[in-house]
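final23.cif (mmCIF, C-alpha atoms and all ligand atoms) appears below.
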```cif
data_structure
loop_
_atom_site.group_PDB
_atom_site.id
_atom_site.type_symbol
_atom_site.label_atom_id
_atom_site.label_comp_id
_atom_site.auth_asym_id
_atom_site.auth_seq_id
_atom_site.Cartn_x
_atom_site.Cartn_y
_atom_site.Cartn_z
ATOM 1 C CA MET A 1 -49.327 -132.854 -5.579
ATOM 2 C CA SER A 2 -48.641 -129.491 -4.027
ATOM 3 C CA LEU A 3 -45.809 -127.254 -5.151
ATOM 4 C CA THR A 4 -42.393 -127.623 -3.580
ATOM 5 C CA ALA A 5 -40.411 -124.602 -2.374
ATOM 6 C CA GLU A 6 -38.010 -125.222 -5.305
ATOM 7 C CA GLU A 7 -40.851 -125.158 -7.814
ATOM 8 C CA LYS A 8 -42.208 -121.893 -6.422
ATOM 9 C CA ALA A 9 -38.755 -120.294 -6.498
ATOM 10 C CA ALA A 10 -38.190 -121.534 -10.066
ATOM 11 C CA PHE A 11 -41.583 -120.162 -11.116
ATOM 12 C CA LYS A 12 -40.608 -116.763 -9.736
ATOM 13 C CA ARG A 13 -37.375 -116.831 -11.730
ATOM 14 C CA ASP A 14 -38.594 -118.408 -14.989
ATOM 15 C CA GLY A 15 -42.318 -117.642 -14.957
ATOM 16 C CA VAL A 16 -42.860 -121.248 -15.978
ATOM 17 C CA LEU A 17 -43.561 -124.545 -14.255
ATOM 18 C CA ILE A 18 -43.925 -127.901 -16.012
ATOM 19 C CA ARG A 19 -45.655 -130.946 -14.530
ATOM 20 C CA ARG A 20 -45.241 -134.070 -16.624
ATOM 21 C CA GLY A 21 -48.101 -136.545 -17.013
ATOM 22 C CA LEU A 22 -50.624 -134.592 -14.962
ATOM 23 C CA ALA A 23 -53.599 -135.219 -17.264
ATOM 24 C CA THR A 24 -54.656 -138.887 -17.236
ATOM 25 C CA PRO A 25 -54.636 -141.141 -20.329
ATOM 26 C CA ASP A 26 -58.424 -141.377 -20.172
ATOM 27 C CA GLN A 27 -58.836 -137.576 -20.074
ATOM 28 C CA ILE A 28 -56.465 -137.226 -23.007
ATOM 29 C CA LYS A 29 -58.246 -139.917 -25.038
ATOM 30 C CA ARG A 30 -61.658 -138.265 -24.623
ATOM 31 C CA ALA A 31 -60.409 -134.784 -25.464
ATOM 32 C CA VAL A 32 -58.299 -135.908 -28.418
ATOM 33 C CA SER A 33 -61.125 -137.939 -29.916
ATOM 34 C CA LEU A 34 -63.502 -134.929 -29.868
ATOM 35 C CA ILE A 35 -60.860 -132.567 -31.265
ATOM 36 C CA ASP A 36 -59.914 -135.089 -33.974
ATOM 37 C CA GLN A 37 -63.500 -135.395 -35.149
ATOM 38 C CA SER A 38 -63.929 -131.642 -35.262
ATOM 39 C CA TYR A 39 -60.616 -131.173 -37.086
ATOM 40 C CA ARG A 40 -61.535 -133.745 -39.712
ATOM 41 C CA LYS A 41 -65.212 -132.910 -40.195
ATOM 42 C CA GLU A 42 -65.845 -129.306 -39.171
ATOM 43 C CA MET A 43 -62.694 -127.433 -40.117
ATOM 44 C CA ALA A 44 -62.436 -125.802 -43.547
ATOM 45 C CA PRO A 45 -59.017 -124.529 -44.637
ATOM 46 C CA ASP A 46 -60.552 -121.034 -44.807
ATOM 47 C CA ASP A 47 -61.200 -121.229 -41.051
ATOM 48 C CA ILE A 48 -57.545 -121.782 -40.176
ATOM 49 C CA PRO A 49 -56.392 -118.136 -39.961
ATOM 50 C CA ALA A 50 -59.307 -117.126 -37.689
ATOM 51 C CA TYR A 51 -59.012 -120.289 -35.574
ATOM 52 C CA SER A 52 -55.308 -119.581 -35.124
ATOM 53 C CA ARG A 53 -56.162 -116.177 -33.613
ATOM 54 C CA ARG A 54 -58.889 -117.493 -31.284
ATOM 55 C CA THR A 55 -59.489 -121.230 -30.979
ATOM 56 C CA PHE A 56 -59.904 -124.330 -33.054
ATOM 57 C CA ALA A 57 -63.058 -126.413 -32.519
ATOM 58 C CA PRO A 58 -64.903 -123.470 -30.886
ATOM 59 C CA GLU A 59 -67.953 -125.682 -30.349
ATOM 60 C CA LEU A 60 -65.927 -127.765 -27.857
ATOM 61 C CA GLY A 61 -64.646 -124.892 -25.719
ATOM 62 C CA ASP A 62 -67.092 -125.425 -22.863
ATOM 63 C CA SER A 63 -67.375 -129.216 -23.103
ATOM 64 C CA ASP A 64 -66.853 -131.316 -19.970
ATOM 65 C CA GLU A 65 -64.208 -133.383 -21.736
ATOM 66 C CA LEU A 66 -62.069 -130.334 -22.459
ATOM 67 C CA LEU A 67 -62.630 -128.579 -19.122
ATOM 68 C CA ALA A 68 -61.706 -131.797 -17.285
ATOM 69 C CA LEU A 69 -58.140 -131.339 -18.531
ATOM 70 C CA TYR A 70 -57.880 -128.394 -16.162
ATOM 71 C CA THR A 71 -60.392 -129.108 -13.397
ATOM 72 C CA GLN A 72 -60.031 -132.873 -12.823
ATOM 73 C CA ASN A 73 -56.345 -133.672 -12.481
ATOM 74 C CA GLY A 74 -54.693 -131.252 -10.091
ATOM 75 C CA ALA A 75 -53.861 -128.500 -12.616
ATOM 76 C CA ALA A 76 -56.526 -126.229 -11.100
ATOM 77 C CA ASP A 77 -55.126 -126.920 -7.614
ATOM 78 C CA LEU A 78 -51.635 -125.919 -8.712
ATOM 79 C CA ALA A 79 -53.033 -122.708 -10.244
ATOM 80 C CA THR A 80 -54.793 -121.968 -6.956
ATOM 81 C CA GLU A 81 -51.552 -122.535 -5.044
ATOM 82 C CA LEU A 82 -49.836 -119.939 -7.194
ATOM 83 C CA LEU A 83 -52.642 -117.366 -7.260
ATOM 84 C CA GLY A 84 -54.222 -117.984 -3.845
ATOM 85 C CA ASN A 85 -57.677 -117.675 -5.324
ATOM 86 C CA THR A 86 -58.968 -117.960 -8.881
ATOM 87 C CA THR A 87 -62.056 -117.149 -10.896
ATOM 88 C CA PRO A 88 -63.702 -120.283 -12.316
ATOM 89 C CA VAL A 89 -62.464 -121.319 -15.744
ATOM 90 C CA THR A 90 -65.363 -121.900 -18.116
ATOM 91 C CA THR A 91 -63.726 -122.293 -21.528
ATOM 92 C CA ALA A 92 -60.822 -124.088 -23.089
ATOM 93 C CA GLN A 93 -58.857 -122.760 -26.050
ATOM 94 C CA ILE A 94 -57.642 -125.366 -28.504
ATOM 95 C CA GLN A 95 -54.582 -124.395 -30.492
ATOM 96 C CA ILE A 96 -53.529 -126.599 -33.367
ATOM 97 C CA ARG A 97 -50.483 -125.993 -35.535
ATOM 98 C CA VAL A 98 -51.508 -127.562 -38.803
ATOM 99 C CA PRO A 99 -48.927 -129.300 -41.010
ATOM 100 C CA GLU A 100 -47.481 -126.670 -43.317
ATOM 101 C CA SER A 101 -47.192 -129.305 -46.080
ATOM 102 C CA GLU A 102 -50.954 -129.837 -46.020
ATOM 103 C CA PHE A 103 -52.071 -126.193 -45.589
ATOM 104 C CA PRO A 104 -49.256 -124.071 -47.016
ATOM 105 C CA GLY A 105 -49.190 -120.408 -46.039
ATOM 106 C CA LEU A 106 -52.315 -120.464 -43.861
ATOM 107 C CA GLN A 107 -50.547 -120.400 -40.514
ATOM 108 C CA PRO A 108 -47.562 -118.056 -40.420
ATOM 109 C CA GLU A 109 -45.283 -117.836 -37.407
ATOM 110 C CA LYS A 110 -46.732 -115.719 -34.567
ATOM 111 C CA ALA A 111 -44.624 -112.785 -33.430
ATOM 112 C CA MET A 112 -43.308 -112.750 -29.840
ATOM 113 C CA HIS A 113 -46.193 -111.563 -27.645
ATOM 114 C CA VAL A 114 -47.983 -111.793 -24.341
ATOM 115 C CA ASP A 115 -51.649 -112.653 -24.676
ATOM 116 C CA GLY A 116 -54.226 -109.898 -24.526
ATOM 117 C CA VAL A 117 -51.927 -106.862 -24.913
ATOM 118 C CA SER A 118 -51.732 -104.939 -28.220
ATOM 119 C CA CYS A 119 -53.258 -107.866 -30.138
ATOM 120 C CA PRO A 120 -52.810 -107.139 -33.852
ATOM 121 C CA HIS A 121 -56.478 -108.008 -34.511
ATOM 122 C CA LEU A 122 -57.942 -105.968 -31.611
ATOM 123 C CA ASP A 123 -58.143 -102.352 -30.471
ATOM 124 C CA PRO A 124 -54.645 -101.681 -29.033
ATOM 125 C CA ARG A 125 -56.233 -99.844 -26.086
ATOM 126 C CA GLU A 126 -58.124 -102.926 -25.039
ATOM 127 C CA LEU A 127 -56.500 -105.273 -22.514
ATOM 128 C CA ARG A 128 -57.632 -108.900 -22.500
ATOM 129 C CA THR A 129 -55.166 -110.040 -19.920
ATOM 130 C CA PHE A 130 -55.343 -112.730 -17.214
ATOM 131 C CA SER A 131 -52.960 -114.097 -14.570
ATOM 132 C CA LEU A 132 -51.782 -117.571 -15.560
ATOM 133 C CA LEU A 133 -51.851 -119.673 -18.726
ATOM 134 C CA VAL A 134 -52.241 -123.419 -18.261
ATOM 135 C CA GLY A 135 -51.383 -125.513 -21.321
ATOM 136 C CA VAL A 136 -52.065 -129.240 -21.684
ATOM 137 C CA VAL A 137 -50.158 -131.198 -24.329
ATOM 138 C CA LEU A 138 -52.443 -133.352 -26.502
ATOM 139 C CA SER A 139 -50.076 -134.583 -29.211
ATOM 140 C CA ASP A 140 -46.474 -135.724 -29.448
ATOM 141 C CA ILE A 141 -44.320 -132.596 -29.151
ATOM 142 C CA SER A 142 -40.878 -134.157 -29.018
ATOM 143 C CA ASP A 143 -39.552 -132.285 -32.042
ATOM 144 C CA PRO A 144 -39.569 -128.469 -31.860
ATOM 145 C CA ARG A 145 -40.216 -128.290 -35.617
ATOM 146 C CA CYS A 146 -43.798 -129.459 -35.078
ATOM 147 C CA GLY A 147 -44.884 -125.942 -34.131
ATOM 148 C CA ALA A 148 -43.922 -126.148 -30.457
ATOM 149 C CA LEU A 149 -44.666 -123.176 -28.230
ATOM 150 C CA HIS A 150 -41.439 -121.227 -27.647
ATOM 151 C CA TYR A 151 -41.258 -119.156 -24.468
ATOM 152 C CA LEU A 152 -38.713 -116.830 -22.932
ATOM 153 C CA PRO A 153 -37.794 -117.931 -19.369
ATOM 154 C CA GLY A 154 -37.596 -114.873 -17.113
ATOM 155 C CA GLY A 155 -39.236 -112.687 -19.747
ATOM 156 C CA HIS A 156 -42.113 -111.889 -17.368
ATOM 157 C CA LEU A 157 -39.765 -109.645 -15.365
ATOM 158 C CA THR A 158 -38.496 -107.795 -18.443
ATOM 159 C CA MET A 159 -42.059 -107.347 -19.731
ATOM 160 C CA ALA A 160 -43.317 -105.974 -16.406
ATOM 161 C CA ARG A 161 -40.478 -103.409 -16.364
ATOM 162 C CA TRP A 162 -41.224 -102.444 -19.975
ATOM 163 C CA PHE A 163 -44.936 -102.059 -19.267
ATOM 164 C CA ALA A 164 -44.129 -99.910 -16.230
ATOM 165 C CA ASP A 165 -41.385 -97.721 -17.679
ATOM 166 C CA GLU A 166 -41.732 -97.427 -21.452
ATOM 167 C CA TRP A 167 -45.035 -98.730 -22.753
ATOM 168 C CA SER A 168 -48.418 -97.038 -22.481
ATOM 169 C CA LEU A 169 -51.928 -98.061 -23.381
ATOM 170 C CA GLY A 170 -52.499 -97.802 -27.139
ATOM 171 C CA VAL A 171 -48.890 -98.644 -28.136
ATOM 172 C CA THR A 172 -49.018 -101.245 -30.912
ATOM 173 C CA ASP A 173 -45.621 -102.910 -30.284
ATOM 174 C CA GLN A 174 -46.298 -106.225 -28.565
ATOM 175 C CA VAL A 175 -42.863 -106.538 -26.944
ATOM 176 C CA PRO A 176 -39.654 -104.451 -26.762
ATOM 177 C CA PRO A 177 -37.140 -104.964 -29.628
ATOM 178 C CA GLU A 178 -34.685 -107.025 -27.548
ATOM 179 C CA ILE A 179 -37.442 -109.557 -26.848
ATOM 180 C CA ASP A 180 -38.735 -109.523 -30.418
ATOM 181 C CA ARG A 181 -35.298 -110.742 -31.552
ATOM 182 C CA GLU A 182 -35.324 -113.790 -29.241
ATOM 183 C CA ARG A 183 -36.292 -117.297 -30.389
ATOM 184 C CA GLY A 184 -37.258 -118.670 -26.961
ATOM 185 C CA THR A 185 -37.095 -122.162 -25.492
ATOM 186 C CA PRO A 186 -39.296 -124.827 -27.095
ATOM 187 C CA PHE A 187 -41.801 -126.455 -24.774
ATOM 188 C CA LEU A 188 -41.439 -130.139 -25.639
ATOM 189 C CA GLY A 189 -43.637 -132.823 -24.176
ATOM 190 C CA GLN A 190 -45.949 -135.775 -24.420
ATOM 191 C CA PRO A 191 -49.736 -135.915 -24.117
ATOM 192 C CA GLY A 192 -50.718 -135.194 -20.529
ATOM 193 C CA ASP A 193 -47.809 -132.872 -19.737
ATOM 194 C CA VAL A 194 -48.933 -129.545 -18.296
ATOM 195 C CA LEU A 195 -47.313 -126.114 -18.543
ATOM 196 C CA LEU A 196 -48.157 -123.352 -16.065
ATOM 197 C CA MET A 197 -46.920 -120.043 -17.449
ATOM 198 C CA HIS A 198 -47.049 -116.562 -15.955
ATOM 199 C CA HIS A 199 -49.174 -114.341 -18.142
ATOM 200 C CA LEU A 200 -46.273 -111.960 -18.827
ATOM 201 C CA VAL A 201 -43.907 -114.593 -20.255
ATOM 202 C CA PRO A 202 -43.430 -113.695 -23.951
ATOM 203 C CA HIS A 203 -43.923 -116.541 -26.396
ATOM 204 C CA THR A 204 -44.241 -117.430 -30.048
ATOM 205 C CA VAL A 205 -45.115 -120.396 -32.263
ATOM 206 C CA ALA A 206 -43.584 -121.258 -35.622
ATOM 207 C CA GLN A 207 -44.927 -123.266 -38.526
ATOM 208 C CA ASN A 208 -45.373 -127.002 -38.169
ATOM 209 C CA SER A 209 -43.039 -128.784 -40.542
ATOM 210 C CA MET A 210 -44.011 -132.270 -39.348
ATOM 211 C CA PRO A 211 -46.737 -134.253 -41.148
ATOM 212 C CA PHE A 212 -49.175 -134.356 -38.185
ATOM 213 C CA PRO A 213 -51.067 -131.627 -36.276
ATOM 214 C CA ARG A 214 -49.659 -130.259 -33.016
ATOM 215 C CA VAL A 215 -52.465 -129.972 -30.480
ATOM 216 C CA MET A 216 -52.576 -128.045 -27.170
ATOM 217 C CA ALA A 217 -55.483 -127.109 -24.908
ATOM 218 C CA TYR A 218 -55.068 -123.817 -23.028
ATOM 219 C CA PHE A 219 -56.864 -122.431 -19.991
ATOM 220 C CA ARG A 220 -56.651 -118.800 -18.964
ATOM 221 C CA VAL A 221 -56.797 -118.369 -15.230
ATOM 222 C CA SER A 222 -57.284 -115.094 -13.371
ATOM 223 C CA HIS A 223 -56.949 -113.912 -9.819
ATOM 224 C CA PRO A 224 -60.438 -112.642 -8.855
ATOM 225 C CA ASP A 225 -59.149 -109.035 -8.666
ATOM 226 C CA HIS A 226 -57.341 -109.118 -12.007
ATOM 227 C CA ALA A 227 -60.128 -107.681 -14.164
ATOM 228 C CA SER A 228 -60.392 -104.560 -12.010
ATOM 229 C CA ARG A 229 -56.636 -103.784 -12.105
ATOM 230 C CA ARG A 230 -55.241 -105.034 -15.425
ATOM 231 C CA LEU A 231 -52.777 -102.158 -15.876
ATOM 232 C CA GLU A 232 -51.333 -102.533 -12.394
ATOM 233 C CA ALA A 233 -51.085 -106.316 -12.863
ATOM 234 C CA ILE A 234 -49.018 -106.092 -16.052
ATOM 235 C CA ARG A 235 -46.631 -103.675 -14.324
ATOM 236 C CA ASP A 236 -46.299 -105.606 -11.074
ATOM 237 C CA PRO A 237 -45.723 -109.287 -11.934
ATOM 238 C CA TRP A 238 -46.595 -110.571 -8.435
ATOM 239 C CA LEU A 239 -49.750 -108.557 -7.745
ATOM 240 C CA ASP A 240 -51.940 -111.511 -8.780
ATOM 241 C CA TYR A 241 -49.753 -114.009 -6.881
ATOM 242 C CA PRO A 242 -50.080 -113.259 -3.144
ATOM 243 C CA PRO A 243 -48.768 -116.707 -2.071
ATOM 244 C CA LEU A 244 -45.497 -116.012 -3.885
ATOM 245 C CA ALA A 245 -44.925 -112.556 -2.442
ATOM 246 C CA GLU A 246 -42.432 -113.693 0.178
ATOM 247 C CA ILE A 247 -40.834 -116.503 -1.821
ATOM 248 C CA PRO A 248 -37.269 -115.710 -2.944
ATOM 249 C CA SER A 249 -36.535 -116.213 -6.626
ATOM 250 C CA ALA A 250 -34.338 -119.256 -7.428
HETATM 251 O O1 LIG B 301 -50.301 -122.369 -30.453
HETATM 252 C C1 LIG B 301 -49.821 -122.162 -29.340
HETATM 253 O O2 LIG B 301 -49.246 -123.036 -28.686
HETATM 254 C C2 LIG B 301 -49.914 -120.832 -28.698
HETATM 255 C C3 LIG B 301 -50.474 -119.813 -29.569
HETATM 256 C C4 LIG B 301 -50.518 -118.485 -28.883
HETATM 257 O O3 LIG B 301 -49.543 -117.994 -28.415
HETATM 258 C C5 LIG B 301 -51.797 -117.814 -28.710
HETATM 259 O O4 LIG B 301 -52.824 -118.305 -29.212
HETATM 260 O O5 LIG B 301 -51.809 -116.756 -28.062
HETATM 261 FE FE FE B 302 -50.136 -116.438 -27.014
#
```

Could I get this structure in the form of structure tokens?
Ligand SMILES: O=C(O)CCC(=O)C(=O)O
Ligand SMILES: [Fe+2]
Amino acid sequence: MSLTAEEKAAFKRDGVLIRRGLATPDQIKRAVSLIDQSYRKEMAPDDIPAYSRRTFAPELGDSDELLALYTQNGAADLATELLGNTTPVTTAQIQIRVPESEFPGLQPEKAMHVDGVSCPHLDPRELRTFSLLVGVVLSDISDPRCGALHYLPGGHLTMARWFADEWSLGVTDQVPPEIDRERGTPFLGQPGDVLLMHHLVPHTVAQNSMPFPRVMAYFRVSHPDHASRRLEAIRDPWLDYPPLAEIPSA
């Protein structure tokens, strides 16, 4: 289960690590069934824009079935191997890309961003950062047109340099122009696949042009010292990752 030297070196280079089939079929079934019910019964089309900014099915965020996707299958152990120590994760975020054909215009493409910095809907001076994003695939994402997450491998290093050298608190640009122009690599997968992504890796999602919802559960994991040194941590990409300090990049 533990990370190989190659995986650690690749994570330093790309900011991303993918473990296929980490969540068990039973865990996926329980989570998907709850999310499905909520999507069908609780969600009004008017909710979609706000849910897309925060979470779908907010009533499920702290449920055992959702949290198990992170705590009960080794994902939390991998996060701890990368960060050395972590604060407990108490909520899941559910992100659904709804079929554009069914809900036209309600879910535009998201601009390239890193979470929690210069959010368009928040005070630009407020940082809501963390150390590591863990994403669990809950629907078939074999076609990038279904609203797959697109990420920029290696972008964590560019972002850290930009935050250190050019950006300052209160700036409303989410990323530098050369990153804004990028399309990124689609994260494709099957239910149970898990993505571990450095918090500074820029990413985007497009509209879902397939006829079924694209469903991901996300967990935001922090090194225990992150909250007291957010600015330093976005300028030094390895501050929150003591076990990786001495690992050479691949
Ligand atoms: O829908 C996704 O996969 C990710 C959305 C996103 O980037 C976010 O909510 O910050
Ligand atoms: Fe994001």

Quiz item: Just so the selection is clear, what residues does the PyMOL selection byres (((chain A and resi 60) around 12) and not hetatm) cover here, as a ChimeraX atom specification?
Solution: /A:30-39,42,55-59,61-67,90-94,217

Practice problem: Using only C-alpha atoms and all ligand atoms, determine which residues fall within 8 Å of ligand LIG 301 (chain B), then list them as number ranges by chain. | Solution: A: 52-55, 95-97, 110, 113-115, 147-149, 203-205, 215-216

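Comparing the minimum interatomic distances between ligand FE 302 (chain B) and each of A:Ser209, A:Thr129, A:Gln190, A:Ser139, counting all atoms listed in the file, we find that A:Thr129 sits nearest.
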
Practice problem: Please identify all polymer residues within 10 Å of Trp162 (chain A), counting only C-alpha atoms, omitting same-chain residues fewer than 5 positions from it, and present them as a list in words. | Solution: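 Once the nearby chain positions are removed, what remains is His156, Leu157, Trp167, Ser168, Val175, Pro176, Ile234 and Arg235 of chain A.
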
Exercise. I would like the residues chosen by the PyMOL selection byres (((chain A and resi 136) around 12) and not hetatm) on the shown file; could you give them as a PyMOL selection string?
Key: chain A and resi 18-24+27-28+31-32+66-71+73+75-76+92-95+133-135+137-141+149+187-197+214-220

Exercise. May I ask which of the residues A:Met112, A:Ala160, A:Ile179, A:Leu3 is the closest one to Glu232 (chain A), counting all atoms listed in the file?
Key: A:Ala160

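For the pair CA of His121 (chain A) and CA of Pro49 (chain A), the interatomic distance is 11.5 Å.
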
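Computed from the coordinates, the CA of Pro99 (chain A) to CA of Pro213 (chain A) distance equals 5.7 Å.
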
Quiz item: Interatomic distance between CA of Leu78 (chain A) and CA of Ile247 (chain A)?
Solution: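 Atom-to-atom, CA of Leu78 (chain A) and CA of Ile247 (chain A) are spaced 15.9 Å apart.
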
Quiz item: Which residues fall under the PyMOL selection byres (((chain A and resi 80) around 12) and not hetatm) in this file, as a ChimeraX atom specification?
Solution: /A:2-3,70-71,74-79,81-89,131-132,134,196,221-224,240-244

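Nearest residue to ligand FE 302 (chain B) among A:His150, A:Arg181, A:Lys29, A:Arg229 is A:His150, counting only C-alpha atoms and all ligand atoms.
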
Quiz prompt | Residue among A:Gly170, A:Gly105, A:Pro25, A:Pro120 lying closest to ligand FE 302 (chain B), counting all atoms listed in the file | solution =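 Distance minimum relative to ligand FE 302 (chain B) lands on A:Pro120.
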
With 4 Å of padding per side, what axis-aligned box (centre and edge lengths, Å, one decimal) covers all the listed atoms of region 156-165 of chain A? Give it as JSON.
```
{"center_x": -41.7, "center_y": -104.8, "center_z": -17.7, "size_x": 14.4, "size_y": 22.2, "size_z": 12.6}
```

Quiz item: In terms of the shortest atom-to-atom distance over only C-alpha atoms and all ligand atoms, which of A:Pro202, A:Pro237, A:Pro177, A:Gly155 is closest to ligand FE 302 (chain B)?
Solution: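 Looking at the shortest contact to ligand FE 302 (chain B), the residue is A:Pro202.
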
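Among A:Arg145, A:His199, A:Arg183, A:Lys8, the residue with the shortest atom-to-atom distance to ligand FE 302 (chain B), counting only C-alpha atoms and all ligand atoms, is A:His199.
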